[in-house]
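Novice: First the structure, which I've put down as structure tokens, then a few questions once you've had a look.
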Amino acid sequence: MILVGQYDSPYVRRVAVSLRLLGFAYRHDTRSVFGDFDSMRQTNPVGRIPSLVLDDGEVLIDSVAILDWLDETVGPERALLPQSGPARRRALRLVALSTGAIDKAGASAYERIIRPAARRWPEWIARCRQQAEGALAALAAESWPTDAALDQPWITTACMIRYLQMTDPGLLPRGRYPTLESLSERCEALPEFQATYPPDVVYPQGE
Ligand SMILES: N[C@@H](CCC(=O)N[C@@H](CS)C(=O)NCC(=O)O)C(=O)O
């Protein structure tokens with residue numbers, strides 16, 4: 001199968017880490033959503049990443065759908081999200097907080113970096129950052145025992161933290177969220193995270 005998208009996207013990275021943890025081999029298509037936009041739209045009509053091209057040619061789009069397919073394929077014993085009940089609801093809440101932080105930090109980064117300077121909207125940036133901070137505080141208040149099984153909340157949260165370190169490090173000053181720092185350190189030390197570590201994010205710069 002082929003994973004489409006670069007690892008500086010936390011959505012691509014959480015799929016890559018999940019594939020590796022579950023023992024799937026894949027080829028990596030590193031086309032850029034910005035630089036290869038027209039070509040990318042041939043793979044996903046929305047022009048976004050990640051996509052996963054299966055061996056029979058079917059194309060899964062959106063990390064939620066890809067991770068759902070992965071969990072279904074490996075079965076309930078190895079799935080990265082619990083099947084049902086309070087455990088599933090808690091896991092989905094944690095994942096929603098992390099993807100919320102990604103989306104809000106991402107929106108603020110797009111506004112600060114990609115949009116031409118004369119058209120930037122400081123109040124919108126402040127609102128997005130406040131929303132990301134709300135998600136971070138809620139995640140930091142949760143229990144993250146470092147001997148817990150590595151499941152989708154762990155994976156997505158670690159990918160979110162690396163993304164924020166790249167796009168808006170001011171949201172994560174050292175010492176503010178010790179539980180999240182431990183979570184990140186545990187994950188980033190693992191081979192599946194090291195193999196997908198994004199050294200930096202590259203956005204087109206607005207004038
Ligand atoms: N809900 C989607 C979000 C994917 C997403 O936001 N991808 C970003 C990269 S992190 C992207 O493709 N951005 C380019 C764009 O939206 O034009 C998922 O979970 O896959």
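Here, A, B, ... name the chains of the structure tokens in the order displayed, residue numbers run from 1 inside each chain, and ligands are numbered from 1 in the same displayed order.
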Would you please extract all alpha helix (DSSP H) residues from chain A, as assigned by DSSP on the backbone, and give them as a VMD selection string?

Specialist: chain A and resid 10 to 21 37 to 43 63 to 74 85 to 109 122 to 140 152 to 167 178 to 188 191 to 194

Novice: Grab me every residue within 8 Å of ligand 1, counting only C-alpha atoms and all ligand atoms, and send it over as a short mmCIF file (atom, residue, chain, number, x, y, z; two decimals) with N, CA and C atoms, in the first residue's frame.

Specialist:
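This went into result.cif:
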```cif
data_model
loop_
_atom_site.label_atom_id
_atom_site.label_comp_id
_atom_site.auth_asym_id
_atom_site.auth_seq_id
_atom_site.Cartn_x
_atom_site.Cartn_y
_atom_site.Cartn_z
N ASP A 8 5.29 15.95 8.14
CA ASP A 8 5.06 17.18 8.92
C ASP A 8 3.57 17.41 9.14
N SER A 9 2.71 16.66 8.44
CA SER A 9 1.29 16.64 8.76
C SER A 9 1.07 15.64 9.89
N PRO A 10 0.52 16.10 11.03
CA PRO A 10 0.28 15.17 12.14
C PRO A 10 -0.76 14.12 11.78
N TYR A 11 -1.62 14.42 10.80
CA TYR A 11 -2.61 13.42 10.39
C TYR A 11 -1.94 12.31 9.59
N VAL A 12 -1.01 12.66 8.73
CA VAL A 12 -0.24 11.65 8.02
C VAL A 12 0.59 10.85 9.01
N VAL A 33 1.05 18.88 -0.52
CA VAL A 33 -0.30 19.42 -0.78
C VAL A 33 -0.24 20.79 -1.43
N PHE A 34 0.85 21.51 -1.20
CA PHE A 34 0.95 22.85 -1.80
C PHE A 34 1.66 22.77 -3.15
N VAL A 46 -10.38 16.38 -2.56
CA VAL A 46 -10.31 17.54 -1.66
C VAL A 46 -8.89 18.14 -1.66
N GLY A 47 -7.93 17.41 -2.18
CA GLY A 47 -6.55 17.93 -2.23
C GLY A 47 -5.88 17.95 -0.87
N ARG A 48 -6.29 17.03 0.01
CA ARG A 48 -5.71 17.01 1.36
C ARG A 48 -4.98 15.69 1.60
N ILE A 49 -4.19 15.67 2.65
CA ILE A 49 -3.50 14.46 3.09
C ILE A 49 -3.93 14.15 4.52
N PRO A 50 -3.86 12.84 4.90
CA PRO A 50 -3.34 11.68 4.18
C PRO A 50 -4.39 10.99 3.31
N SER A 51 -3.85 10.23 2.33
CA SER A 51 -4.62 9.19 1.64
C SER A 51 -3.84 7.89 1.79
N ILE A 61 -9.43 8.08 1.97
CA ILE A 61 -9.04 9.46 2.28
C ILE A 61 -9.49 9.81 3.69
N ASP A 62 -8.70 10.67 4.33
CA ASP A 62 -8.95 11.17 5.68
C ASP A 62 -8.41 10.16 6.72
N SER A 63 -7.64 10.68 7.66
CA SER A 63 -7.00 9.78 8.64
C SER A 63 -8.03 9.02 9.46
N VAL A 64 -9.20 9.60 9.70
CA VAL A 64 -10.21 8.89 10.50
C VAL A 64 -10.65 7.62 9.78
N ALA A 65 -10.90 7.73 8.48
CA ALA A 65 -11.34 6.57 7.69
C ALA A 65 -10.21 5.55 7.56
N THR A 99 -6.96 16.40 18.02
CA THR A 99 -7.17 16.88 16.64
C THR A 99 -7.72 18.31 16.66
N ILE A 102 -4.71 20.43 16.92
CA ILE A 102 -4.04 20.46 15.61
C ILE A 102 -4.76 21.44 14.68
N ASP A 103 -6.07 21.32 14.61
CA ASP A 103 -6.84 22.15 13.66
C ASP A 103 -6.71 23.64 14.01
N GLY A 106 -3.16 24.80 13.50
CA GLY A 106 -2.95 24.83 12.04
C GLY A 106 -3.61 26.04 11.42
#
```

Novice: Would you mind listing what lies within 12 Å of Pro145 of chain A as a list in words, with only C-alpha atoms counted and same-chain residues fewer than 4 positions away left out?

Specialist: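 Listing them by chain and then by number gives Ala140, Ala149, Leu150, Trp154, Thr179, Leu180, Ser182, Leu183 and Arg186 of chain A.
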
Novice: Take the residues just selected and output them with all heavy atoms as an mmCIF file, in the first residue's frame.

Specialist:
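The result, stored in again19.cif:
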```cif
data_model
loop_
_atom_site.group_PDB
_atom_site.id
_atom_site.type_symbol
_atom_site.label_atom_id
_atom_site.label_comp_id
_atom_site.auth_asym_id
_atom_site.auth_seq_id
_atom_site.Cartn_x
_atom_site.Cartn_y
_atom_site.Cartn_z
ATOM 1 N N ALA A 140 -3.800 17.815 29.330
ATOM 2 C CA ALA A 140 -2.781 17.737 30.385
ATOM 3 C C ALA A 140 -3.396 17.329 31.713
ATOM 4 O O ALA A 140 -2.704 16.778 32.581
ATOM 5 C CB ALA A 140 -2.073 19.089 30.521
ATOM 6 N N ALA A 149 -0.864 0.923 27.576
ATOM 7 C CA ALA A 149 -0.699 0.472 26.183
ATOM 8 C C ALA A 149 -0.727 1.678 25.252
ATOM 9 O O ALA A 149 -1.445 2.654 25.493
ATOM 10 C CB ALA A 149 -1.824 -0.490 25.835
ATOM 11 N N LEU A 150 0.066 1.595 24.196
ATOM 12 C CA LEU A 150 0.127 2.699 23.239
ATOM 13 C C LEU A 150 -1.072 2.596 22.292
ATOM 14 O O LEU A 150 -1.091 1.750 21.412
ATOM 15 C CB LEU A 150 1.430 2.597 22.456
ATOM 16 C CG LEU A 150 1.950 3.913 21.935
ATOM 17 C CD1 LEU A 150 2.470 4.770 23.062
ATOM 18 C CD2 LEU A 150 3.050 3.660 20.935
ATOM 19 N N TRP A 154 -2.761 8.116 22.598
ATOM 20 C CA TRP A 154 -1.324 8.375 22.777
ATOM 21 C C TRP A 154 -0.681 8.807 21.456
ATOM 22 O O TRP A 154 0.068 9.782 21.399
ATOM 23 C CB TRP A 154 -0.621 7.108 23.273
ATOM 24 C CG TRP A 154 -0.693 6.908 24.753
ATOM 25 C CD1 TRP A 154 -1.724 6.341 25.455
ATOM 26 C CD2 TRP A 154 0.294 7.274 25.733
ATOM 27 N NE1 TRP A 154 -1.433 6.337 26.786
ATOM 28 C CE2 TRP A 154 -0.202 6.886 26.999
ATOM 29 C CE3 TRP A 154 1.549 7.873 25.651
ATOM 30 C CZ2 TRP A 154 0.511 7.088 28.181
ATOM 31 C CZ3 TRP A 154 2.266 8.074 26.830
ATOM 32 C CH2 TRP A 154 1.748 7.693 28.073
ATOM 33 N N THR A 179 2.776 16.451 32.125
ATOM 34 C CA THR A 179 2.258 15.142 31.692
ATOM 35 C C THR A 179 2.394 14.985 30.179
ATOM 36 O O THR A 179 2.706 13.903 29.678
ATOM 37 C CB THR A 179 0.769 14.970 32.071
ATOM 38 O OG1 THR A 179 0.066 16.165 31.723
ATOM 39 C CG2 THR A 179 0.578 14.662 33.531
ATOM 40 N N LEU A 180 2.152 16.072 29.457
ATOM 41 C CA LEU A 180 2.257 15.986 27.998
ATOM 42 C C LEU A 180 3.715 15.861 27.566
ATOM 43 O O LEU A 180 4.026 15.202 26.569
ATOM 44 C CB LEU A 180 1.589 17.201 27.341
ATOM 45 C CG LEU A 180 0.084 17.354 27.615
ATOM 46 C CD1 LEU A 180 -0.497 18.526 26.829
ATOM 47 C CD2 LEU A 180 -0.680 16.072 27.280
ATOM 48 N N SER A 182 6.031 14.234 29.252
ATOM 49 C CA SER A 182 6.396 12.818 29.456
ATOM 50 C C SER A 182 5.800 11.954 28.360
ATOM 51 O O SER A 182 6.446 11.019 27.856
ATOM 52 C CB SER A 182 5.880 12.287 30.795
ATOM 53 O OG SER A 182 6.226 13.126 31.820
ATOM 54 N N LEU A 183 4.559 12.243 28.009
ATOM 55 C CA LEU A 183 3.892 11.478 26.943
ATOM 56 C C LEU A 183 4.705 11.566 25.650
ATOM 57 O O LEU A 183 4.996 10.573 24.989
ATOM 58 C CB LEU A 183 2.481 12.050 26.756
ATOM 59 C CG LEU A 183 1.540 11.472 25.719
ATOM 60 C CD1 LEU A 183 0.096 11.848 26.077
ATOM 61 C CD2 LEU A 183 1.830 11.938 24.304
ATOM 62 N N ARG A 186 8.082 9.679 25.838
ATOM 63 C CA ARG A 186 7.910 8.226 25.720
ATOM 64 C C ARG A 186 7.705 7.836 24.252
ATOM 65 O O ARG A 186 8.340 6.913 23.744
ATOM 66 C CB ARG A 186 6.705 7.769 26.547
ATOM 67 C CG ARG A 186 6.439 6.284 26.392
ATOM 68 C CD ARG A 186 5.075 5.866 26.921
ATOM 69 N NE ARG A 186 4.864 4.435 26.724
ATOM 70 C CZ ARG A 186 3.684 3.845 26.754
ATOM 71 N NH1 ARG A 186 2.586 4.548 26.988
ATOM 72 N NH2 ARG A 186 3.576 2.561 26.546
#
```

Novice: Extract, using only C-alpha atoms, all DNA, RNA and protein residues at most 9 Å from Leu19 of chain A, discarding same-chain residues fewer than 6 positions from it, and format them as an MDAnalysis selection string.

Specialist: chainID A and resid 25:26 67 70 192

Novice: Can I get the selection written as a compact mmCIF listing (two decimals), in the first residue's frame, with C-alpha atoms?

Specialist:
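Once written, selection17.txt looks like this:
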```
# COMPACT_ATOMS: atom_id res chain seq x y z
CA ALA A 25 4.55 -2.25 5.31
CA TYR A 26 3.90 0.73 3.01
CA LEU A 67 -7.46 4.39 11.02
CA LEU A 70 -6.75 -0.37 10.08
CA GLU A 192 7.89 4.00 14.91
```

Novice: Just want the 12 Å neighbourhood of Pro169 of chain A, counted on only C-alpha atoms, with same-chain residues fewer than 2 positions away dropped. Output as a ChimeraX atom specification.

Specialist: /A:105,109,129,132-133,160-167,171-174,176

Novice: Output the selection as a compact mmCIF listing (two decimals), in the first residue's frame - all heavy atoms for each residue.

Specialist:
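Saved the output as part-v7.txt:
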```txt
# COMPACT_ATOMS: atom_id res chain seq x y z
N ALA A 105 -4.30 25.15 15.96
CA ALA A 105 -2.92 25.62 15.77
C ALA A 105 -2.62 25.73 14.28
O ALA A 105 -1.94 26.66 13.83
CB ALA A 105 -1.94 24.67 16.44
N ALA A 109 -1.57 28.99 12.21
CA ALA A 109 -0.30 29.01 11.45
C ALA A 109 -0.55 29.43 10.00
O ALA A 109 0.20 30.22 9.43
CB ALA A 109 0.36 27.64 11.50
N ARG A 129 -5.68 30.31 18.89
CA ARG A 129 -4.67 29.89 19.87
C ARG A 129 -5.31 29.62 21.23
O ARG A 129 -4.91 28.71 21.95
CB ARG A 129 -3.56 30.94 19.96
CG ARG A 129 -2.77 31.05 18.66
CD ARG A 129 -1.59 31.99 18.78
NE ARG A 129 -0.43 31.36 19.39
CZ ARG A 129 0.10 31.74 20.53
NH1 ARG A 129 -0.41 32.75 21.20
NH2 ARG A 129 1.17 31.13 21.01
N ALA A 132 -6.80 26.20 21.02
CA ALA A 132 -5.74 25.18 21.12
C ALA A 132 -5.29 25.05 22.58
O ALA A 132 -5.09 23.93 23.09
CB ALA A 132 -4.56 25.54 20.22
N GLU A 133 -5.17 26.18 23.27
CA GLU A 133 -4.75 26.14 24.68
C GLU A 133 -5.78 25.43 25.54
O GLU A 133 -5.44 24.70 26.48
CB GLU A 133 -4.49 27.56 25.20
CG GLU A 133 -3.13 28.05 24.81
CD GLU A 133 -2.87 29.52 25.10
OE1 GLU A 133 -3.84 30.28 25.29
OE2 GLU A 133 -1.70 29.88 25.11
N MET A 160 0.36 15.44 17.70
CA MET A 160 -0.10 16.82 17.88
C MET A 160 0.99 17.66 18.54
O MET A 160 1.28 18.79 18.12
CB MET A 160 -1.38 16.80 18.72
CG MET A 160 -1.93 18.16 19.11
SD MET A 160 -1.19 18.88 20.57
CE MET A 160 -1.89 17.87 21.87
N ILE A 161 1.63 17.09 19.58
CA ILE A 161 2.65 17.87 20.32
C ILE A 161 3.81 18.24 19.39
O ILE A 161 4.25 19.38 19.36
CB ILE A 161 3.14 17.07 21.55
CG1 ILE A 161 2.01 16.99 22.58
CG2 ILE A 161 4.39 17.71 22.16
CD1 ILE A 161 2.28 16.03 23.73
N ARG A 162 4.29 17.28 18.59
CA ARG A 162 5.39 17.59 17.67
C ARG A 162 4.96 18.65 16.65
O ARG A 162 5.73 19.54 16.30
CB ARG A 162 5.86 16.30 16.96
CG ARG A 162 6.93 16.53 15.92
CD ARG A 162 8.23 17.06 16.53
NE ARG A 162 9.11 17.63 15.52
CZ ARG A 162 9.78 18.77 15.64
NH1 ARG A 162 9.72 19.49 16.75
NH2 ARG A 162 10.55 19.20 14.67
N TYR A 163 3.71 18.56 16.20
CA TYR A 163 3.21 19.55 15.23
C TYR A 163 3.19 20.95 15.84
O TYR A 163 3.61 21.93 15.21
CB TYR A 163 1.81 19.14 14.78
CG TYR A 163 1.16 20.08 13.80
CD1 TYR A 163 1.66 20.24 12.51
CD2 TYR A 163 0.04 20.83 14.17
CE1 TYR A 163 1.06 21.11 11.62
CE2 TYR A 163 -0.57 21.69 13.27
CZ TYR A 163 -0.06 21.83 12.00
OH TYR A 163 -0.64 22.70 11.11
N LEU A 164 2.73 21.05 17.09
CA LEU A 164 2.70 22.37 17.74
C LEU A 164 4.12 22.88 17.99
O LEU A 164 4.38 24.09 17.89
CB LEU A 164 1.92 22.30 19.06
CG LEU A 164 0.45 22.71 18.99
CD1 LEU A 164 -0.32 21.95 17.94
CD2 LEU A 164 -0.21 22.60 20.35
N GLN A 165 5.04 21.96 18.32
CA GLN A 165 6.44 22.40 18.51
C GLN A 165 6.96 23.04 17.23
O GLN A 165 7.75 23.98 17.27
CB GLN A 165 7.33 21.21 18.89
CG GLN A 165 7.11 20.72 20.31
CD GLN A 165 7.78 19.37 20.56
OE1 GLN A 165 8.21 18.68 19.62
NE2 GLN A 165 7.88 18.98 21.82
N MET A 166 6.50 22.54 16.08
CA MET A 166 6.99 23.07 14.79
C MET A 166 6.26 24.34 14.40
O MET A 166 6.85 25.26 13.84
CB MET A 166 6.79 22.03 13.68
CG MET A 166 7.64 20.81 13.80
SD MET A 166 7.48 19.75 12.34
CE MET A 166 5.81 19.17 12.48
N THR A 167 4.94 24.40 14.66
CA THR A 167 4.15 25.50 14.10
C THR A 167 3.93 26.65 15.07
O THR A 167 3.78 27.79 14.64
CB THR A 167 2.76 24.99 13.68
OG1 THR A 167 2.17 24.28 14.77
CG2 THR A 167 2.84 24.10 12.46
N LEU A 171 2.81 27.80 22.29
CA LEU A 171 1.68 27.13 22.93
C LEU A 171 2.14 26.08 23.94
O LEU A 171 1.34 25.62 24.76
CB LEU A 171 0.79 26.45 21.87
CG LEU A 171 -0.05 27.38 21.00
CD1 LEU A 171 -0.68 26.59 19.84
CD2 LEU A 171 -1.14 28.07 21.82
N LEU A 172 3.41 25.67 23.84
CA LEU A 172 3.91 24.58 24.69
C LEU A 172 5.19 24.98 25.42
O LEU A 172 6.24 24.33 25.26
CB LEU A 172 4.21 23.34 23.84
CG LEU A 172 3.02 22.55 23.29
CD1 LEU A 172 3.50 21.50 22.30
CD2 LEU A 172 2.25 21.90 24.43
N PRO A 173 5.15 26.05 26.23
CA PRO A 173 6.40 26.42 26.93
C PRO A 173 6.81 25.31 27.88
O PRO A 173 5.97 24.69 28.52
CB PRO A 173 6.01 27.69 27.70
CG PRO A 173 4.53 27.73 27.72
CD PRO A 173 4.02 26.90 26.57
N ARG A 174 8.12 25.05 27.91
CA ARG A 174 8.66 23.96 28.74
C ARG A 174 8.18 24.12 30.19
O ARG A 174 8.24 25.21 30.74
CB ARG A 174 10.20 24.02 28.66
CG ARG A 174 10.91 22.85 29.24
CD ARG A 174 11.19 21.79 28.18
NE ARG A 174 11.58 20.53 28.84
CZ ARG A 174 11.29 19.33 28.39
NH1 ARG A 174 10.62 19.18 27.27
NH2 ARG A 174 11.66 18.25 29.05
N ARG A 176 5.05 23.85 31.35
CA ARG A 176 3.63 24.15 31.57
C ARG A 176 2.78 22.88 31.66
O ARG A 176 1.85 22.81 32.46
CB ARG A 176 3.09 25.06 30.45
CG ARG A 176 1.62 25.41 30.70
CD ARG A 176 1.02 26.29 29.61
NE ARG A 176 1.52 27.65 29.64
CZ ARG A 176 1.23 28.57 28.71
NH1 ARG A 176 0.45 28.25 27.68
NH2 ARG A 176 1.72 29.78 28.78
```

Novice: Using only C-alpha atoms, can you tell me which of A:Glu188, A:Asp168, A:Asp55, A:Glu72 comes closest to Ser108 of chain A?

Specialist: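 Nearest to Ser108 of chain A: A:Asp168.
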
Novice: State, in Å with one decimal place, the distance from atom CA of Val15 of chain A to atom CA of Pro204 of chain A.

Specialist: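 Atom-to-atom, atom CA of Val15 of chain A and atom CA of Pro204 of chain A are spaced 24.1 Å apart.
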
Novice: Quick one: distance from atom CA of Phe193 of chain A to atom CA of Val17 of chain A in Å, one decimal?

Specialist: 6.2 Å
